[in-house]
$ cat my_file-v7.cif   # mmCIF, C-alpha atoms
data_data
loop_
_atom_site.label_atom_id
_atom_site.label_comp_id
_atom_site.auth_asym_id
_atom_site.auth_seq_id
_atom_site.Cartn_x
_atom_site.Cartn_y
_atom_site.Cartn_z
CA MET A 167 -22.18 11.93 5.01
CA ILE A 168 -21.91 11.31 8.76
CA ASP A 169 -25.58 12.23 9.30
CA ASN A 170 -26.71 9.94 6.46
CA LEU A 171 -24.56 7.11 7.83
CA LYS A 172 -26.19 7.28 11.23
CA VAL A 173 -29.74 7.44 9.88
CA GLY A 174 -29.16 4.80 7.18
CA SER A 175 -27.64 2.30 9.59
CA GLY A 176 -30.37 2.69 12.21
CA LEU A 177 -27.83 3.72 14.88
CA VAL A 178 -29.60 6.91 15.89
CA ASN A 179 -29.37 6.21 19.62
CA LYS A 180 -26.15 4.18 19.64
CA LYS A 181 -22.58 5.43 19.82
CA SER A 182 -20.57 4.14 16.87
CA LEU A 183 -16.86 4.16 16.09
CA ILE A 184 -15.12 5.86 13.15
CA VAL A 185 -11.64 4.72 12.11
CA PHE A 186 -10.07 7.75 10.41
CA ASP A 187 -7.51 7.88 7.66
CA ALA A 188 -4.74 10.21 8.85
CA GLY A 189 -5.31 12.56 5.92
CA ILE A 190 -8.75 13.71 7.15
CA ALA A 191 -8.20 13.39 10.90
CA THR A 192 -8.07 17.14 11.48
CA GLN A 193 -9.02 18.58 14.85
CA GLU A 194 -12.08 20.18 13.27
CA ASN A 195 -13.32 16.80 11.95
CA LEU A 196 -12.61 15.07 15.27
CA ASP A 197 -14.56 17.70 17.20
CA MET A 198 -17.42 17.35 14.71
CA VAL A 199 -17.77 13.55 14.98
CA VAL A 200 -17.52 13.67 18.79
CA ALA A 201 -20.27 16.29 18.87
CA LYS A 202 -22.42 13.97 16.73
CA GLY A 203 -21.94 11.10 19.20
CA TYR A 204 -19.14 9.04 17.62
CA ASP A 205 -15.92 7.63 19.02
CA TYR A 206 -12.80 7.61 16.84
CA VAL A 207 -9.44 5.92 16.25
CA TYR A 208 -6.69 7.25 13.96
CA VAL A 209 -2.94 7.55 13.48
CA ASN A 210 -1.72 10.78 15.00
CA ARG A 211 0.01 12.84 12.29
CA THR A 212 2.41 14.43 14.79
CA LYS A 213 4.72 12.76 17.28
CA SER A 214 3.48 12.90 20.86
CA LYS A 215 6.36 14.25 22.91
CA LYS A 216 4.71 14.38 26.32
CA TYR A 217 2.69 11.51 27.69
CA ASP A 218 2.29 9.53 30.90
CA LEU A 219 2.92 5.79 30.87
CA LYS A 220 -0.11 3.81 31.97
CA ASN A 221 1.70 0.47 31.65
CA GLU A 222 5.44 0.22 32.22
CA ILE A 223 5.55 -3.22 30.56
CA PRO A 224 4.43 -3.11 26.90
CA THR A 225 1.83 -5.46 25.51
CA ILE A 226 3.27 -7.74 22.81
CA ILE A 227 1.09 -8.71 19.87
CA TYR A 228 1.90 -10.13 16.43
CA ASP A 229 1.02 -9.15 12.90
CA SER A 230 -1.88 -10.65 10.91
CA LYS A 231 0.26 -13.63 9.87
CA ASN A 232 1.21 -14.23 13.53
CA GLN A 233 4.90 -14.30 12.60
CA LYS A 234 7.18 -13.83 15.58
CA THR A 235 9.83 -12.28 13.32
CA ALA A 236 7.56 -9.26 12.71
CA ILE A 237 6.60 -8.17 16.21
CA ASN A 238 4.39 -5.16 16.78
CA GLN A 239 5.14 -3.92 20.29
CA ILE A 240 2.47 -1.64 21.70
CA GLU A 241 2.86 0.56 24.77
CA LEU A 242 -0.24 2.26 26.10
CA GLN A 243 0.28 6.00 26.68
CA ALA A 244 -2.38 8.14 28.38
CA LYS A 245 -2.72 11.89 28.05
CA LYS A 246 -4.84 14.25 30.09
CA GLN A 247 -7.64 16.22 28.47
CA GLU A 248 -6.20 18.40 25.71
CA THR A 249 -9.32 20.10 24.38
CA ILE A 250 -12.40 21.47 26.06
CA GLN A 251 -14.74 19.22 24.06
CA HIS A 252 -13.32 15.78 24.81
CA ASP A 253 -10.40 13.77 26.15
CA PHE A 254 -8.53 10.85 24.57
CA CYS A 255 -5.88 8.16 24.96
CA ILE A 256 -2.71 7.68 22.96
CA TYR A 257 -1.12 4.33 22.18
CA LYS A 258 2.52 4.14 21.22
CA VAL A 259 3.16 1.46 18.59
CA LYS A 260 6.63 0.13 17.92
CA SER A 261 6.90 -2.24 14.97
CA ASP A 262 10.16 -3.97 14.04
CA PHE A 263 8.77 -4.75 10.60
CA LYS A 264 7.82 -1.10 9.97
CA ALA A 265 11.23 0.05 11.18
CA MET A 266 12.92 -2.33 8.76
CA LYS A 267 10.74 -1.03 5.92
CA GLU A 268 11.44 2.61 6.80
CA ARG A 269 15.19 1.95 6.97
CA SER A 270 15.09 0.31 3.55
CA MET A 271 13.21 3.27 2.05
CA ASN A 272 15.50 5.81 3.69
CA VAL A 273 18.60 4.04 2.39
CA LYS A 274 17.16 4.05 -1.13
CA PHE A 275 16.19 7.75 -0.99
CA LYS A 276 19.52 8.68 0.63
CA GLU A 277 21.44 6.98 -2.18
CA ARG A 278 19.38 8.77 -4.84
CA PHE A 279 19.69 12.11 -3.05
CA GLU A 280 23.49 11.86 -2.80
CA LEU A 281 23.73 10.65 -6.41
CA GLU A 282 21.96 13.83 -7.57
CA LEU A 283 24.38 15.94 -5.50
CA GLN A 284 27.36 14.04 -6.94
CA LYS A 285 26.15 14.80 -10.47
CA LEU A 286 25.80 18.48 -9.58
CA ALA A 287 29.26 18.56 -7.98
CA LYS A 288 30.80 16.90 -11.02
CA GLY A 289 29.03 19.37 -13.35
CA ILE A 290 30.61 22.30 -11.49
CA THR A 291 34.09 21.00 -12.34
CA LEU A 292 33.31 20.63 -16.06
CA LYS A 293 33.92 23.46 -18.50
CA SER A 294 30.33 23.48 -19.77
CA GLY A 295 28.77 22.69 -16.37
CA ILE A 296 26.54 24.89 -14.20
CA LYS A 297 28.68 27.19 -12.04
CA ILE A 298 26.69 30.39 -11.51
CA GLN A 299 25.75 30.63 -7.84
CA GLU A 300 22.08 31.38 -8.46
CA LYS A 301 21.62 28.45 -10.85
CA VAL A 302 23.48 26.05 -8.55
CA GLN A 303 21.18 27.12 -5.72
CA GLN A 304 18.14 26.45 -7.95
CA LYS A 305 19.49 22.98 -8.74
CA ILE A 306 19.98 22.22 -5.05
CA GLY A 307 16.44 23.46 -4.36
CA ARG A 308 14.99 21.10 -6.98
CA ILE A 309 16.91 18.16 -5.51
CA LYS A 310 15.58 18.97 -2.02
CA GLU A 311 12.07 19.26 -3.43
CA LYS A 312 12.44 15.85 -5.10
CA TYR A 313 13.50 14.14 -1.84
CA PRO A 314 11.67 16.05 0.94
CA SER A 315 11.97 13.26 3.52
CA ILE A 316 15.78 13.08 3.24
CA ALA A 317 16.83 16.65 2.45
CA PRO A 318 16.27 18.11 5.97
CA HIS A 319 18.80 15.65 7.40
CA PHE A 320 21.68 16.90 5.23
CA THR A 321 23.75 20.08 5.39
CA ILE A 322 24.97 21.23 1.97
CA ASN A 323 27.94 23.61 1.84
CA ARG A 324 28.76 25.74 -1.19
CA THR A 325 32.21 27.26 -1.81
CA PRO A 326 32.06 30.42 -4.00
CA ASP A 327 34.94 31.97 -5.93
CA GLN A 328 36.57 35.27 -4.94
CA ASN A 329 33.99 37.31 -6.82
CA LYS A 330 31.16 35.32 -5.27
CA ILE A 331 29.56 34.85 -8.67
CA ASN A 332 30.35 31.20 -9.38
CA ILE A 333 30.47 28.12 -7.17
CA ILE A 334 33.74 26.21 -7.36
CA SER A 335 32.70 23.21 -5.23
CA ILE A 336 29.96 21.76 -3.01
CA ASP A 337 30.06 19.19 -0.22
CA TRP A 338 27.46 17.71 2.13
CA GLN A 339 27.13 15.66 5.32
CA ALA A 340 24.35 14.12 7.39
CA ASN A 341 23.38 16.10 10.50
CA GLU A 342 22.33 14.89 13.95
CA THR A 343 18.61 14.89 13.15
CA ALA A 344 19.18 11.98 10.74
CA ILE A 345 20.67 9.89 13.56
CA LYS A 346 17.82 10.87 15.89
CA LYS A 347 15.18 10.04 13.28
CA GLU A 348 16.73 6.61 12.72
CA LYS A 349 16.11 5.77 16.38
CA GLU A 350 12.43 6.73 15.95
CA GLN A 351 11.86 4.49 12.94
CA GLY A 352 9.00 2.04 13.32
CA ILE A 353 7.31 4.15 16.02
CA TYR A 354 3.94 5.81 15.54
CA PHE A 355 0.97 6.77 17.72
CA LEU A 356 -2.69 5.78 17.70
CA LYS A 357 -5.08 8.33 19.11
CA THR A 358 -8.59 7.35 20.26
CA SER A 359 -11.51 8.62 22.30
CA LEU A 360 -12.00 5.05 23.66
CA LYS A 361 -10.66 4.88 27.20
CA ASP A 362 -11.99 1.53 28.40
CA LYS A 363 -10.43 -0.73 25.74
CA ASP A 364 -7.22 -2.75 26.05
CA GLU A 365 -4.22 -2.39 23.73
CA THR A 366 -5.00 -5.51 21.68
CA THR A 367 -8.58 -4.38 20.98
CA ILE A 368 -7.44 -0.92 19.82
CA TRP A 369 -4.83 -2.49 17.57
CA LYS A 370 -7.40 -4.84 15.99
CA ILE A 371 -9.77 -1.93 15.37
CA TYR A 372 -7.06 0.11 13.65
CA ASN A 373 -5.77 -2.95 11.77
CA ALA A 374 -9.18 -3.28 10.09
CA LEU A 375 -8.52 0.05 8.32
CA ARG A 376 -5.05 -1.13 7.27
CA GLU A 377 -6.54 -4.26 5.73
CA VAL A 378 -9.15 -2.25 3.82
CA GLU A 379 -6.48 0.16 2.52
CA SER A 380 -4.17 -2.71 1.50
CA THR A 381 -6.97 -4.51 -0.36
CA PHE A 382 -8.14 -1.36 -2.17
CA ARG A 383 -4.53 -0.64 -3.14
CA THR A 384 -4.33 -4.03 -4.83
CA LEU A 385 -7.76 -3.73 -6.45
CA LYS A 386 -6.99 -0.28 -7.84
CA THR A 387 -4.15 -1.87 -9.77
CA ASP A 388 -5.90 -5.09 -10.83
CA LEU A 389 -9.16 -3.37 -11.83
CA ASP A 390 -7.42 -0.29 -13.31
CA LEU A 391 -9.32 1.95 -10.88
CA ARG A 392 -6.58 4.55 -10.91
CA PRO A 393 -6.09 7.04 -12.31
CA VAL A 394 -9.72 8.08 -12.86
CA TYR A 395 -10.12 9.62 -16.31
CA HIS A 396 -13.89 10.19 -16.18
CA LYS A 397 -15.14 13.77 -16.56
CA ASN A 398 -18.58 13.57 -14.94
CA ASP A 399 -19.76 12.44 -11.52
CA ASN A 400 -22.01 9.58 -12.68
CA ALA A 401 -19.22 7.85 -14.62
CA THR A 402 -16.80 8.37 -11.72
CA MET A 403 -19.25 6.87 -9.21
CA ALA A 404 -19.85 3.87 -11.46
CA HIS A 405 -16.08 3.44 -11.76
CA LEU A 406 -15.58 3.49 -7.99
CA HIS A 407 -18.66 1.31 -7.43
CA LEU A 408 -16.85 -1.45 -9.34
CA GLY A 409 -14.04 -1.25 -6.79
CA LEU A 410 -16.52 -1.52 -3.92
CA LEU A 411 -18.13 -4.61 -5.47
CA GLY A 412 -14.67 -6.08 -5.91
CA TYR A 413 -13.88 -5.43 -2.26
CA TRP A 414 -17.03 -7.23 -1.10
CA ILE A 415 -15.91 -10.31 -3.02
CA VAL A 416 -12.40 -10.03 -1.61
CA ASN A 417 -13.63 -9.55 1.95
CA THR A 418 -15.94 -12.59 1.68
CA ILE A 419 -13.09 -14.79 0.43
CA ARG A 420 -10.66 -13.57 3.09
CA HIS A 421 -13.25 -14.02 5.85
CA GLN A 422 -13.82 -17.63 4.76
CA LEU A 423 -10.06 -18.25 4.66
CA LYS A 424 -9.51 -16.73 8.11
CA THR A 425 -11.99 -19.20 9.62
CA LYS A 426 -9.58 -21.90 8.36
CA LYS A 427 -6.53 -20.11 9.87
CA ILE A 428 -5.31 -18.84 6.46
CA ASN A 429 -4.44 -15.18 7.01
CA HIS A 430 -2.94 -14.17 3.65
CA ASP A 431 -3.57 -10.67 2.37
CA TRP A 432 -5.20 -10.29 -1.06
CA LYS A 433 -1.91 -9.64 -2.85
CA GLU A 434 -0.50 -12.93 -1.55
CA ILE A 435 -3.68 -14.81 -2.51
CA LEU A 436 -3.35 -13.48 -6.06
CA ARG A 437 0.32 -14.49 -6.18
CA ILE A 438 -0.46 -18.04 -5.07
CA SER A 439 -3.39 -18.29 -7.49
CA SER A 440 -1.24 -17.14 -10.40
CA THR A 441 0.83 -20.32 -10.12
CA GLN A 442 -2.00 -22.28 -11.77
CA LYS A 443 -2.01 -21.78 -15.54
CA LEU A 444 -4.22 -22.43 -18.54
CA VAL A 445 -2.27 -24.33 -21.21
CA THR A 446 -3.53 -24.12 -24.80
CA THR A 447 -2.08 -26.47 -27.44
CA SER A 448 -2.82 -26.16 -31.19
CA ILE A 449 -2.20 -29.04 -33.62
CA VAL A 450 -2.83 -29.27 -37.38
CA ASP A 451 -3.70 -32.79 -38.59
CA ASP A 452 -3.13 -34.35 -42.02
CA GLN A 453 -6.54 -33.04 -43.18
CA GLU A 454 -5.47 -29.45 -42.48
CA ASN A 455 -7.92 -29.25 -39.56
CA THR A 456 -6.82 -27.34 -36.45
CA ILE A 457 -7.16 -29.20 -33.17
CA ILE A 458 -7.14 -26.98 -30.04
CA ILE A 459 -6.68 -28.56 -26.62
CA LYS A 460 -7.16 -26.50 -23.44
CA LYS A 461 -5.95 -27.92 -20.16
CA CYS A 462 -5.60 -26.52 -16.64
CA SER A 463 -2.37 -27.17 -14.74
CA GLU A 464 -2.38 -28.89 -11.35
CA PRO A 465 -2.49 -26.51 -8.33
CA ASN A 466 0.46 -26.52 -5.96
CA SER A 467 0.07 -27.35 -2.25
CA LYS A 468 -0.59 -23.74 -1.14
CA LEU A 469 -3.27 -23.19 -3.76
CA GLN A 470 -4.79 -26.58 -3.01
CA GLU A 471 -5.08 -25.53 0.64
CA ILE A 472 -6.98 -22.38 -0.39
CA TYR A 473 -9.29 -24.34 -2.68
CA GLN A 474 -10.12 -26.81 0.09
CA ALA A 475 -10.80 -24.00 2.59
CA LEU A 476 -13.19 -22.32 0.13
CA LYS A 477 -14.66 -25.64 -1.06
CA TYR A 478 -13.65 -24.89 -4.63
CA LYS A 479 -12.71 -27.42 -7.28
CA SER A 480 -8.96 -27.83 -7.72
CA ARG A 481 -9.40 -27.18 -11.45
CA PRO A 482 -12.13 -24.92 -12.89
CA PHE A 483 -12.61 -27.30 -15.88
CA ARG A 484 -11.40 -30.57 -17.29
CA MET A 485 -9.56 -30.86 -20.58
CA LYS A 486 -11.41 -29.23 -23.49
CA LYS A 487 -10.87 -30.22 -27.11
CA PHE A 488 -11.96 -28.22 -30.16
CA VAL A 489 -11.63 -29.21 -33.80
CA VAL A 490 -11.73 -26.35 -36.30
CA PRO A 491 -12.35 -27.81 -39.81
CA LYS A 492 -10.57 -26.28 -42.73
CA PRO A 493 -12.96 -23.93 -44.62
CA GLU A 494 -14.50 -25.55 -47.72
CA HIS A 495 -13.60 -22.67 -50.07
CA ILE A 496 -9.93 -23.11 -49.15
CA LYS A 497 -10.12 -26.84 -49.85
CA HIS A 498 -11.68 -26.22 -53.31
CA THR A 499 -9.09 -23.57 -54.15
CA ILE A 500 -6.22 -25.91 -53.26
CA GLN A 501 -7.74 -28.77 -55.27
CA LYS A 502 -8.09 -26.58 -58.40
CA THR A 503 -4.87 -24.51 -58.29
CA GLY A 504 -2.66 -26.53 -56.02
CA HIS A 505 -2.05 -23.55 -53.74
CA PHE A 506 -3.92 -20.92 -51.73
CA THR A 507 -2.93 -17.32 -50.99
CA SER A 508 -4.63 -15.51 -48.10
#
$ encode --input "my_file-v7.cif" --output "structure tokens"
Amino acid sequence: MIDNLKVGSGLVNKKSLIVFDAGIATQENLDMVVAKGYDYVYVNRTKSKKYDLKNEIPTIIYDSKNQKTAINQIELQAKKQETIQHDFCIYKVKSDFKAMKERSMNVKFKERFELELQKLAKGITLKSGIKIQEKVQQKIGRIKEKYPSIAPHFTINRTPDQNKINIISIDWQANETAIKKEKEQGIYFLKTSLKDKDETTIWKIYNALREVESTFRTLKTDLDLRPVYHKNDNATMAHLHLGLLGYWIVNTIRHQLKTKKINHDWKEILRISSTQKLVTTSIVDDQENTIIIKKCSEPNSKLQEIYQALKYKSRPFRMKKFVVPKPEHIKHTIQKTGHFTS
């Protein structure tokens, strides 16, 4: 794929940049793309414990909406050459918004994790509950498997009976690693082979991948692109091709909006657009004819702003009126019998 990309784009003698998803940013893949003449940027899957500060004062930038309440604070960290093939730079990113999101998720998972343990503890005290040590251990294992991000931060104690066959009680408490991890929330590291770019440029490059992922996530739901039920490659490729066409449309719209300082993501654009409704009214007149009137509601101020930026009409159509005459055979039946049964 990498070879075809280089030849197809005409960049045979130019060094291009690949923004990796963390899932495929293995050392083997990184070495391969560097050997083929590419630079790279990706989120490091492991925390970087040792690094030398290049700038003592962090560079402050803002999110795509430029909201000062969601500050992304970036500190440039430089590492010496780690592999024989190539060297790289590491950027430490600290995001208040991401930290808030991670705390919210951890609180939710922690509550669910402890609720499962409470149910297990209560079951041990019941006459018909699970008490055998082996089965209790299996239950605890399933709970840990269900909440892998929370389980390592809890110590679960089991109290067996004198024969050490049954468990008479369990208790649990958070350990020190949970407190330490909470301090690291909102912090992640960008790793890149680019060494002559500033922090803001690296962040914008990586943010392009985040925007693509966010848009595809929305499109996969709206276009029912997931899960993929097709059984052959041709049908699967046609299915995914629809998502790519959808993204081109989305990207064109968002690019046009950004030129007008409207930086909404696609999910927010859909939410604003959904406020405008199609209203259909059906009326039956004295001749038993059905009159259907279709009318579009007025857009609110936010949607009107989007329409003006894109040079769209505020309403896709004016009022439409349809008259559906009563079928002749029904009229004749009513005239002869006085009633009609469908």
$ resolve_selection --input "my_file-v7.cif" --expression "the PyMOL selection byres ((chain A and resi 405-413) around 12)" --output "ChimeraX atom specification"
/A:377-404,414-421,432
$ residues_around --input "my_file-v7.cif" --residues "range 310-317 of chain A" --least-positions-apart "3" --cutoff "8 Å" --atoms "all atoms listed in the file" --output "list in words"
Asn272, Phe275, Lys276, Phe279, Ile306, Gly307 and Phe320 of chain A
$ residues_around --input "my_file-v7.cif" --residues "Leu183 in chain A" --least-positions-apart "2" --cutoff "10 Å" --atoms "all atoms listed in the file" --output "PyMOL selection string"
chain A and resi 180-181+185-186+199-200+203-207+358-360+371
$ write_last_selection --input "my_file-v7.cif" --atoms "C-alpha atoms" --output "short mmCIF file (atom, residue, chain, number, x, y, z; two decimals), keeping the file's coordinate frame"
data_model
loop_
_atom_site.label_atom_id
_atom_site.label_comp_id
_atom_site.auth_asym_id
_atom_site.auth_seq_id
_atom_site.Cartn_x
_atom_site.Cartn_y
_atom_site.Cartn_z
CA LYS A 180 -26.15 4.18 19.64
CA LYS A 181 -22.58 5.43 19.82
CA VAL A 185 -11.64 4.72 12.11
CA PHE A 186 -10.07 7.75 10.41
CA VAL A 199 -17.77 13.55 14.98
CA VAL A 200 -17.52 13.67 18.79
CA GLY A 203 -21.94 11.10 19.20
CA TYR A 204 -19.14 9.04 17.62
CA ASP A 205 -15.92 7.63 19.02
CA TYR A 206 -12.80 7.61 16.84
CA VAL A 207 -9.44 5.92 16.25
CA THR A 358 -8.59 7.35 20.26
CA SER A 359 -11.51 8.62 22.30
CA LEU A 360 -12.00 5.05 23.66
CA ILE A 371 -9.77 -1.93 15.37
#
$ resolve_selection --input "my_file-v7.cif" --expression "the PyMOL selection byres ((chain A and resi 463) around 8)" --output "PyMOL selection string"
chain A and resi 442-445+461-462+464-465+481
$ atom_distance --input "my_file-v7.cif" --atom1 "CA of Arg269 in chain A" --atom2 "CA of Tyr372 in chain A"
23.3 Å
$ closest_residue --input "my_file-v7.cif" --among "A:Leu281, A:Leu356, A:Ile184, A:Ile334" --to "Tyr257 in chain A" --atoms "all atoms listed in the file"
A:Leu356
$ atom_distance --input "my_file-v7.cif" --atom1 "CA of Glu268 in chain A" --atom2 "CA of Ile353 in chain A"
10.2 Å
$ closest_residue --input "my_file-v7.cif" --among "A:Ser270, A:Ser448, A:Gln474, A:Asn466" --to "Lys486 in chain A" --atoms "all atoms listed in the file"
A:Ser448
$ decode --input "my_file-v7.cif" --residues "range 439-455 of chain A" --atoms "N, CA, C and O atoms" --output "PDB file, in the first residue's frame"
ATOM      1  N   SER A 439     -28.453  21.139  12.256  1.00  0.00           N
ATOM      2  CA  SER A 439     -29.322  20.972  11.084  1.00  0.00           C
ATOM      3  C   SER A 439     -30.620  20.262  11.431  1.00  0.00           C
ATOM      4  O   SER A 439     -31.650  20.501  10.791  1.00  0.00           O
ATOM      5  N   SER A 440     -30.586  19.394  12.432  1.00  0.00           N
ATOM      6  CA  SER A 440     -31.779  18.628  12.791  1.00  0.00           C
ATOM      7  C   SER A 440     -32.862  19.492  13.432  1.00  0.00           C
ATOM      8  O   SER A 440     -33.998  19.028  13.620  1.00  0.00           O
ATOM      9  N   THR A 441     -32.528  20.743  13.762  1.00  0.00           N
ATOM     10  CA  THR A 441     -33.534  21.624  14.357  1.00  0.00           C
ATOM     11  C   THR A 441     -34.552  22.115  13.334  1.00  0.00           C
ATOM     12  O   THR A 441     -35.622  22.600  13.700  1.00  0.00           O
ATOM     13  N   GLN A 442     -34.228  22.005  12.042  1.00  0.00           N
ATOM     14  CA  GLN A 442     -35.169  22.391  10.989  1.00  0.00           C
ATOM     15  C   GLN A 442     -35.958  21.157  10.566  1.00  0.00           C
ATOM     16  O   GLN A 442     -35.374  20.121  10.239  1.00  0.00           O
ATOM     17  N   LYS A 443     -37.280  21.263  10.566  1.00  0.00           N
ATOM     18  CA  LYS A 443     -38.132  20.105  10.345  1.00  0.00           C
ATOM     19  C   LYS A 443     -39.029  20.277   9.120  1.00  0.00           C
ATOM     20  O   LYS A 443     -39.339  21.396   8.708  1.00  0.00           O
ATOM     21  N   LEU A 444     -39.432  19.133   8.576  1.00  0.00           N
ATOM     22  CA  LEU A 444     -40.454  19.090   7.535  1.00  0.00           C
ATOM     23  C   LEU A 444     -41.788  18.787   8.200  1.00  0.00           C
ATOM     24  O   LEU A 444     -41.927  17.780   8.895  1.00  0.00           O
ATOM     25  N   VAL A 445     -42.763  19.676   7.997  1.00  0.00           N
ATOM     26  CA  VAL A 445     -44.077  19.520   8.618  1.00  0.00           C
ATOM     27  C   VAL A 445     -45.085  19.138   7.533  1.00  0.00           C
ATOM     28  O   VAL A 445     -45.249  19.859   6.546  1.00  0.00           O
ATOM     29  N   THR A 446     -45.734  17.989   7.700  1.00  0.00           N
ATOM     30  CA  THR A 446     -46.735  17.517   6.747  1.00  0.00           C
ATOM     31  C   THR A 446     -48.114  17.534   7.405  1.00  0.00           C
ATOM     32  O   THR A 446     -48.297  16.941   8.479  1.00  0.00           O
ATOM     33  N   THR A 447     -49.057  18.225   6.764  1.00  0.00           N
ATOM     34  CA  THR A 447     -50.426  18.327   7.284  1.00  0.00           C
ATOM     35  C   THR A 447     -51.395  17.711   6.284  1.00  0.00           C
ATOM     36  O   THR A 447     -51.344  18.024   5.093  1.00  0.00           O
ATOM     37  N   SER A 448     -52.274  16.824   6.751  1.00  0.00           N
ATOM     38  CA  SER A 448     -53.288  16.180   5.900  1.00  0.00           C
ATOM     39  C   SER A 448     -54.680  16.632   6.323  1.00  0.00           C
ATOM     40  O   SER A 448     -55.006  16.624   7.507  1.00  0.00           O
ATOM     41  N   ILE A 449     -55.488  17.034   5.331  1.00  0.00           N
ATOM     42  CA  ILE A 449     -56.848  17.516   5.590  1.00  0.00           C
ATOM     43  C   ILE A 449     -57.798  16.815   4.614  1.00  0.00           C
ATOM     44  O   ILE A 449     -57.466  16.644   3.433  1.00  0.00           O
ATOM     45  N   VAL A 450     -58.967  16.416   5.082  1.00  0.00           N
ATOM     46  CA  VAL A 450     -60.004  15.837   4.229  1.00  0.00           C
ATOM     47  C   VAL A 450     -61.135  16.860   4.086  1.00  0.00           C
ATOM     48  O   VAL A 450     -61.717  17.298   5.085  1.00  0.00           O
ATOM     49  N   ASP A 451     -61.433  17.249   2.820  1.00  0.00           N
ATOM     50  CA  ASP A 451     -62.467  18.268   2.600  1.00  0.00           C
ATOM     51  C   ASP A 451     -63.855  17.627   2.540  1.00  0.00           C
ATOM     52  O   ASP A 451     -64.000  16.412   2.738  1.00  0.00           O
ATOM     53  N   ASP A 452     -64.864  18.460   2.256  1.00  0.00           N
ATOM     54  CA  ASP A 452     -66.251  17.961   2.260  1.00  0.00           C
ATOM     55  C   ASP A 452     -66.538  17.038   1.081  1.00  0.00           C
ATOM     56  O   ASP A 452     -67.567  16.350   1.055  1.00  0.00           O
ATOM     57  N   GLN A 453     -65.643  16.990   0.071  1.00  0.00           N
ATOM     58  CA  GLN A 453     -65.797  16.092  -1.062  1.00  0.00           C
ATOM     59  C   GLN A 453     -65.020  14.782  -0.878  1.00  0.00           C
ATOM     60  O   GLN A 453     -64.869  14.012  -1.818  1.00  0.00           O
ATOM     61  N   GLU A 454     -64.556  14.555   0.344  1.00  0.00           N
ATOM     62  CA  GLU A 454     -63.777  13.363   0.676  1.00  0.00           C
ATOM     63  C   GLU A 454     -62.438  13.301  -0.057  1.00  0.00           C
ATOM     64  O   GLU A 454     -61.861  12.230  -0.227  1.00  0.00           O
ATOM     65  N   ASN A 455     -61.941  14.459  -0.514  1.00  0.00           N
ATOM     66  CA  ASN A 455     -60.612  14.522  -1.119  1.00  0.00           C
ATOM     67  C   ASN A 455     -59.579  14.817  -0.024  1.00  0.00           C
ATOM     68  O   ASN A 455     -59.850  15.587   0.906  1.00  0.00           O
TER      69      ASN A 455
END
